[in-house]
There are 2 protein chains.
Amino acid sequence: MSVADVGDAGAVRGAGVSGDDGVANEPPKRRGRRPAGEDTRGAILTAARSQFAEKGYDATTLRGIARVAGVDARLVHHYFTSREELFVAAMNLPDVPQRLVGRILDGPPEQLGERLVRQFFGLWDAAPDRRQTIAGLISVATSGSDGATMFRHFLTDAVLRRLAAACELDDPELRASLVASQMMGAAMLRYSLGIEPLASADTEDLVALIGPTVQRYLTG
Amino acid sequence: MSVADVGDAGAVRGAGVSGDDGVANEPPKRRGRRPAGEDTRGAILTAARSQFAEKGYDATTLRGIARVAGVDARLVHHYFTSREELFVAAMNLPDVPQRLVGRILDGPPEQLGERLVRQFFGLWDAAPDRRQTIAGLISVATSGSDGATMFRHFLTDAVLRRLAAACELDDPELRASLVASQMMGAAMLRYSLGIEPLASADTEDLVALIGPTVQRYLTG
């Protein structure tokens, strides 16, 4: 799987995700300037995918994306307020991690694990095309390509470190990576492999089963 | 990733696994009869990969593999005592699940989780090419290809059901799939994504961290 396919992650499940950028179902590996008639936002998203894939999440800048897209950097800021928001749009993610982390933190500390599991599965269970998106992302993440590097950077920088810092716990990176191991594995069985009964379980059953594990990893 | 690559799983990490069958580094997608001069065992393994990929683990028979390999069925039984052993050889797995499950069960029930985690990581940490093999298997499993179906059948039939039955617990399939979710996720972060500190953690640290989770899923 090519790194340029990452934004079309859902497509690897054979059903194609209709992104709101209008370019999600195009053939992979197209780079650089868009043909005349395509919109600026689409050009920025295409440039973002190639830059994130080539340079990784950390080293990619909005200025660099603007240059590849052939647009003024101010236009990138007009459409996307941050690198994270641009990444989320380029990858067809349903929400920015910052908001997700905010919802996880909002409540009693002893229910952190429950809230994390509920938010995580709620995000991907919301619609069939989201299930395809997460399955596609996991496929890219495990492909050994540059896309895997990008995914790793995003997962550690935008999700795990933020969550760990917000919880103000000791050993934040170890705790966050343990949580990620449980959640990525559950997503893999539920969405990629479709192994029962995890594949069809209700979200609240998963909260009751997996929530205590996540709670122990965060605060135990 | 093609289903025919499954037996060369390690190769997707860019380093190629030297299997003991002498055909592990050949180009993917070759099927059917081998050219003259290649050994019978290699022909059987190649036929096995294509049959497992096309029909899945459950529907593949030793007789069907013999037919595709163009050899007498007795020859298949000469080289491989069971379908499982043939699958393990075809996929370059380091051990048959039956022996692994035996070692996990051998000891006090309250340390089942610890033993499972120790056996699992011990298996894949033993050598660098084993790390490549498990990373390659995870890549195939999440690829959405026929290889993923095969992997799912093998995981549920040869590993999870056997483990669940041996433990004689209630809700065996739910418990086994929860254990698999934690172990596959930990393998994904450790071997596929290389996320620290999980990637470099000592096996015994992982036993202490993840063992209680597995114990709770099995007996809690």
# chains A, B, ... in the order shown; residues from 1 in each chain; ligands from 1
$ closest_atom_pairs --of "chain B" --to "chain A" --cutoff "6 Å" --atoms "only C-alpha atoms" --output "JSON lines"
{"residue": "B:Arg13", "atom": "CA", "partner": "A:Gly144", "partner_atom": "CA", "distance": 5.9}
{"residue": "B:Ser139", "atom": "CA", "partner": "A:Thr142", "partner_atom": "CA", "distance": 5.0}
{"residue": "B:Thr142", "atom": "CA", "partner": "A:Ser139", "partner_atom": "CA", "distance": 5.0}
{"residue": "B:Ser143", "atom": "CA", "partner": "A:Ser139", "partner_atom": "CA", "distance": 5.3}
{"residue": "B:Gly144", "atom": "CA", "partner": "A:Arg13", "partner_atom": "CA", "distance": 5.8}
{"residue": "B:Leu174", "atom": "CA", "partner": "A:Pro197", "partner_atom": "CA", "distance": 5.8}
{"residue": "B:Ser181", "atom": "CA", "partner": "A:Gly185", "partner_atom": "CA", "distance": 4.4}
{"residue": "B:Gln182", "atom": "CA", "partner": "A:Gln182", "partner_atom": "CA", "distance": 4.8}
{"residue": "B:Met184", "atom": "CA", "partner": "A:Gly185", "partner_atom": "CA", "distance": 5.3}
{"residue": "B:Gly185", "atom": "CA", "partner": "A:Gly185", "partner_atom": "CA", "distance": 3.5}
{"residue": "B:Ala186", "atom": "CA", "partner": "A:Ser181", "partner_atom": "CA", "distance": 4.6}
{"residue": "B:Ser192", "atom": "CA", "partner": "A:Thr142", "partner_atom": "CA", "distance": 5.6}
{"residue": "B:Pro197", "atom": "CA", "partner": "A:Leu174", "partner_atom": "CA", "distance": 5.7}
$ write_last_selection --atoms "N, CA and C atoms" --output "PDB file, in the first residue's frame"
ATOM      1  N   ARG B  13       8.851  -6.460   5.454  1.00  0.00           N
ATOM      2  CA  ARG B  13       9.618  -5.507   6.247  1.00  0.00           C
ATOM      3  C   ARG B  13      10.910  -5.154   5.539  1.00  0.00           C
ATOM      4  N   SER B 139       0.638  -7.317   9.147  1.00  0.00           N
ATOM      5  CA  SER B 139       0.377  -6.545   7.930  1.00  0.00           C
ATOM      6  C   SER B 139      -0.610  -7.284   7.019  1.00  0.00           C
ATOM      7  N   THR B 142      -4.227  -7.337   8.455  1.00  0.00           N
ATOM      8  CA  THR B 142      -4.977  -6.084   8.410  1.00  0.00           C
ATOM      9  C   THR B 142      -5.128  -5.556   6.995  1.00  0.00           C
ATOM     10  N   SER B 143      -4.707  -6.344   6.003  1.00  0.00           N
ATOM     11  CA  SER B 143      -4.669  -5.838   4.628  1.00  0.00           C
ATOM     12  C   SER B 143      -6.016  -5.858   3.939  1.00  0.00           C
ATOM     13  N   GLY B 144      -6.983  -6.565   4.524  1.00  0.00           N
ATOM     14  CA  GLY B 144      -8.290  -6.645   3.877  1.00  0.00           C
ATOM     15  C   GLY B 144      -8.308  -7.638   2.729  1.00  0.00           C
ATOM     16  N   LEU B 174     -15.608 -15.023  23.972  1.00  0.00           N
ATOM     17  CA  LEU B 174     -15.428 -13.619  24.367  1.00  0.00           C
ATOM     18  C   LEU B 174     -14.084 -13.435  25.061  1.00  0.00           C
ATOM     19  N   SER B 181      -7.159  -9.387  21.519  1.00  0.00           N
ATOM     20  CA  SER B 181      -7.123  -7.946  21.251  1.00  0.00           C
ATOM     21  C   SER B 181      -5.936  -7.300  21.959  1.00  0.00           C
ATOM     22  N   GLN B 182      -5.671  -7.690  23.204  1.00  0.00           N
ATOM     23  CA  GLN B 182      -4.538  -7.113  23.931  1.00  0.00           C
ATOM     24  C   GLN B 182      -3.204  -7.564  23.344  1.00  0.00           C
ATOM     25  N   MET B 184      -2.533  -8.844  20.234  1.00  0.00           N
ATOM     26  CA  MET B 184      -2.294  -8.363  18.876  1.00  0.00           C
ATOM     27  C   MET B 184      -1.949  -6.876  18.896  1.00  0.00           C
ATOM     28  N   GLY B 185      -2.612  -6.118  19.763  1.00  0.00           N
ATOM     29  CA  GLY B 185      -2.314  -4.688  19.858  1.00  0.00           C
ATOM     30  C   GLY B 185      -0.911  -4.437  20.383  1.00  0.00           C
ATOM     31  N   ALA B 186      -0.518  -5.196  21.392  1.00  0.00           N
ATOM     32  CA  ALA B 186       0.832  -5.036  21.934  1.00  0.00           C
ATOM     33  C   ALA B 186       1.876  -5.422  20.882  1.00  0.00           C
ATOM     34  N   SER B 192       5.330  -3.775  14.813  1.00  0.00           N
ATOM     35  CA  SER B 192       4.989  -3.100  13.551  1.00  0.00           C
ATOM     36  C   SER B 192       5.300  -1.609  13.620  1.00  0.00           C
ATOM     37  N   PRO B 197       7.747   3.229  25.096  1.00  0.00           N
ATOM     38  CA  PRO B 197       8.775   2.272  25.508  1.00  0.00           C
ATOM     39  C   PRO B 197       8.403   0.808  25.275  1.00  0.00           C
TER      40      PRO B 197
END
$ select_by_dssp --residues "segment 45-132 of chain B" --states "helix (DSSP H, G or I)" --output "PyMOL selection string"
chain B and resi 45-59+62-69+73-79+83-90+97-105+109-125+128-132
$ residues_around --residues "segment 48-65 of chain A" --least-positions-apart "2" --cutoff "6 Å" --atoms "only C-alpha atoms" --output "ChimeraX atom specification"
/A:3,44-46,67-68,73,146-147,150,153-154
$ decode --residues "segment 163-199 of chain B" --atoms "N, CA and C atoms" --output "PDB file, in the first residue's frame"
ATOM      1  N   LEU B 163      -7.346 -22.467  23.088  1.00  0.00           N
ATOM      2  CA  LEU B 163      -6.995 -21.876  24.373  1.00  0.00           C
ATOM      3  C   LEU B 163      -8.222 -21.799  25.275  1.00  0.00           C
ATOM      4  N   ALA B 164      -9.330 -21.329  24.695  1.00  0.00           N
ATOM      5  CA  ALA B 164     -10.558 -21.173  25.482  1.00  0.00           C
ATOM      6  C   ALA B 164     -11.057 -22.526  25.978  1.00  0.00           C
ATOM      7  N   ALA B 165     -11.019 -23.532  25.112  1.00  0.00           N
ATOM      8  CA  ALA B 165     -11.490 -24.861  25.505  1.00  0.00           C
ATOM      9  C   ALA B 165     -10.600 -25.439  26.601  1.00  0.00           C
ATOM     10  N   ALA B 166      -9.288 -25.247  26.456  1.00  0.00           N
ATOM     11  CA  ALA B 166      -8.355 -25.816  27.428  1.00  0.00           C
ATOM     12  C   ALA B 166      -8.537 -25.184  28.805  1.00  0.00           C
ATOM     13  N   CYS B 167      -8.906 -23.917  28.838  1.00  0.00           N
ATOM     14  CA  CYS B 167      -9.083 -23.229  30.119  1.00  0.00           C
ATOM     15  C   CYS B 167     -10.413 -23.585  30.775  1.00  0.00           C
ATOM     16  N   GLU B 168     -11.331 -24.180  30.012  1.00  0.00           N
ATOM     17  CA  GLU B 168     -12.631 -24.604  30.547  1.00  0.00           C
ATOM     18  C   GLU B 168     -13.355 -23.491  31.279  1.00  0.00           C
ATOM     19  N   LEU B 169     -13.462 -22.343  30.633  1.00  0.00           N
ATOM     20  CA  LEU B 169     -14.092 -21.189  31.265  1.00  0.00           C
ATOM     21  C   LEU B 169     -15.434 -20.900  30.621  1.00  0.00           C
ATOM     22  N   ASP B 170     -16.250 -20.117  31.324  1.00  0.00           N
ATOM     23  CA  ASP B 170     -17.479 -19.637  30.708  1.00  0.00           C
ATOM     24  C   ASP B 170     -17.128 -18.563  29.677  1.00  0.00           C
ATOM     25  N   ASP B 171     -18.043 -18.316  28.758  1.00  0.00           N
ATOM     26  CA  ASP B 171     -17.827 -17.307  27.717  1.00  0.00           C
ATOM     27  C   ASP B 171     -16.477 -17.459  27.011  1.00  0.00           C
ATOM     28  N   PRO B 172     -16.126 -18.678  26.592  1.00  0.00           N
ATOM     29  CA  PRO B 172     -14.764 -18.890  26.076  1.00  0.00           C
ATOM     30  C   PRO B 172     -14.405 -17.997  24.886  1.00  0.00           C
ATOM     31  N   GLU B 173     -15.345 -17.786  23.952  1.00  0.00           N
ATOM     32  CA  GLU B 173     -14.980 -17.026  22.751  1.00  0.00           C
ATOM     33  C   GLU B 173     -14.769 -15.551  23.069  1.00  0.00           C
ATOM     34  N   LEU B 174     -15.608 -15.023  23.972  1.00  0.00           N
ATOM     35  CA  LEU B 174     -15.428 -13.619  24.367  1.00  0.00           C
ATOM     36  C   LEU B 174     -14.084 -13.435  25.061  1.00  0.00           C
ATOM     37  N   ARG B 175     -13.782 -14.317  26.001  1.00  0.00           N
ATOM     38  CA  ARG B 175     -12.519 -14.204  26.741  1.00  0.00           C
ATOM     39  C   ARG B 175     -11.322 -14.316  25.805  1.00  0.00           C
ATOM     40  N   ALA B 176     -11.382 -15.289  24.903  1.00  0.00           N
ATOM     41  CA  ALA B 176     -10.258 -15.490  23.986  1.00  0.00           C
ATOM     42  C   ALA B 176     -10.068 -14.290  23.065  1.00  0.00           C
ATOM     43  N   SER B 177     -11.169 -13.689  22.604  1.00  0.00           N
ATOM     44  CA  SER B 177     -11.015 -12.557  21.689  1.00  0.00           C
ATOM     45  C   SER B 177     -10.509 -11.316  22.427  1.00  0.00           C
ATOM     46  N   LEU B 178     -10.865 -11.189  23.710  1.00  0.00           N
ATOM     47  CA  LEU B 178     -10.319 -10.074  24.497  1.00  0.00           C
ATOM     48  C   LEU B 178      -8.808 -10.248  24.696  1.00  0.00           C
ATOM     49  N   VAL B 179      -8.395 -11.470  25.011  1.00  0.00           N
ATOM     50  CA  VAL B 179      -6.958 -11.742  25.143  1.00  0.00           C
ATOM     51  C   VAL B 179      -6.252 -11.433  23.822  1.00  0.00           C
ATOM     52  N   ALA B 180      -6.840 -11.887  22.723  1.00  0.00           N
ATOM     53  CA  ALA B 180      -6.227 -11.645  21.412  1.00  0.00           C
ATOM     54  C   ALA B 180      -6.134 -10.159  21.123  1.00  0.00           C
ATOM     55  N   SER B 181      -7.159  -9.387  21.519  1.00  0.00           N
ATOM     56  CA  SER B 181      -7.123  -7.946  21.251  1.00  0.00           C
ATOM     57  C   SER B 181      -5.936  -7.300  21.959  1.00  0.00           C
ATOM     58  N   GLN B 182      -5.671  -7.690  23.204  1.00  0.00           N
ATOM     59  CA  GLN B 182      -4.538  -7.113  23.931  1.00  0.00           C
ATOM     60  C   GLN B 182      -3.204  -7.564  23.344  1.00  0.00           C
ATOM     61  N   MET B 183      -3.109  -8.842  23.011  1.00  0.00           N
ATOM     62  CA  MET B 183      -1.826  -9.355  22.530  1.00  0.00           C
ATOM     63  C   MET B 183      -1.523  -8.877  21.109  1.00  0.00           C
ATOM     64  N   MET B 184      -2.533  -8.844  20.234  1.00  0.00           N
ATOM     65  CA  MET B 184      -2.294  -8.363  18.876  1.00  0.00           C
ATOM     66  C   MET B 184      -1.949  -6.876  18.896  1.00  0.00           C
ATOM     67  N   GLY B 185      -2.612  -6.118  19.763  1.00  0.00           N
ATOM     68  CA  GLY B 185      -2.314  -4.688  19.858  1.00  0.00           C
ATOM     69  C   GLY B 185      -0.911  -4.437  20.383  1.00  0.00           C
ATOM     70  N   ALA B 186      -0.518  -5.196  21.392  1.00  0.00           N
ATOM     71  CA  ALA B 186       0.832  -5.036  21.934  1.00  0.00           C
ATOM     72  C   ALA B 186       1.876  -5.422  20.882  1.00  0.00           C
ATOM     73  N   ALA B 187       1.590  -6.491  20.122  1.00  0.00           N
ATOM     74  CA  ALA B 187       2.510  -6.896  19.049  1.00  0.00           C
ATOM     75  C   ALA B 187       2.592  -5.813  17.979  1.00  0.00           C
ATOM     76  N   MET B 188       1.460  -5.197  17.681  1.00  0.00           N
ATOM     77  CA  MET B 188       1.428  -4.145  16.664  1.00  0.00           C
ATOM     78  C   MET B 188       2.295  -2.956  17.093  1.00  0.00           C
ATOM     79  N   LEU B 189       2.150  -2.501  18.338  1.00  0.00           N
ATOM     80  CA  LEU B 189       2.958  -1.367  18.795  1.00  0.00           C
ATOM     81  C   LEU B 189       4.430  -1.745  18.915  1.00  0.00           C
ATOM     82  N   ARG B 190       4.701  -2.952  19.400  1.00  0.00           N
ATOM     83  CA  ARG B 190       6.088  -3.367  19.641  1.00  0.00           C
ATOM     84  C   ARG B 190       6.827  -3.710  18.353  1.00  0.00           C
ATOM     85  N   TYR B 191       6.173  -4.481  17.464  1.00  0.00           N
ATOM     86  CA  TYR B 191       6.877  -5.001  16.294  1.00  0.00           C
ATOM     87  C   TYR B 191       6.573  -4.234  15.005  1.00  0.00           C
ATOM     88  N   SER B 192       5.330  -3.775  14.813  1.00  0.00           N
ATOM     89  CA  SER B 192       4.989  -3.100  13.551  1.00  0.00           C
ATOM     90  C   SER B 192       5.300  -1.609  13.620  1.00  0.00           C
ATOM     91  N   LEU B 193       4.837  -0.945  14.700  1.00  0.00           N
ATOM     92  CA  LEU B 193       4.991   0.510  14.781  1.00  0.00           C
ATOM     93  C   LEU B 193       6.263   0.905  15.522  1.00  0.00           C
ATOM     94  N   GLY B 194       6.781   0.033  16.360  1.00  0.00           N
ATOM     95  CA  GLY B 194       8.000   0.360  17.109  1.00  0.00           C
ATOM     96  C   GLY B 194       7.813   1.534  18.052  1.00  0.00           C
ATOM     97  N   ILE B 195       6.675   1.604  18.718  1.00  0.00           N
ATOM     98  CA  ILE B 195       6.398   2.724  19.621  1.00  0.00           C
ATOM     99  C   ILE B 195       7.011   2.445  20.995  1.00  0.00           C
ATOM    100  N   GLU B 196       7.836   3.393  21.457  1.00  0.00           N
ATOM    101  CA  GLU B 196       8.484   3.259  22.765  1.00  0.00           C
ATOM    102  C   GLU B 196       7.561   3.748  23.867  1.00  0.00           C
ATOM    103  N   PRO B 197       7.747   3.229  25.096  1.00  0.00           N
ATOM    104  CA  PRO B 197       8.775   2.272  25.508  1.00  0.00           C
ATOM    105  C   PRO B 197       8.403   0.808  25.275  1.00  0.00           C
ATOM    106  N   LEU B 198       7.228   0.540  24.674  1.00  0.00           N
ATOM    107  CA  LEU B 198       6.836  -0.860  24.461  1.00  0.00           C
ATOM    108  C   LEU B 198       7.802  -1.599  23.534  1.00  0.00           C
ATOM    109  N   ALA B 199       8.345  -0.890  22.540  1.00  0.00           N
ATOM    110  CA  ALA B 199       9.174  -1.553  21.532  1.00  0.00           C
ATOM    111  C   ALA B 199      10.439  -2.152  22.144  1.00  0.00           C
TER     112      ALA B 199
END
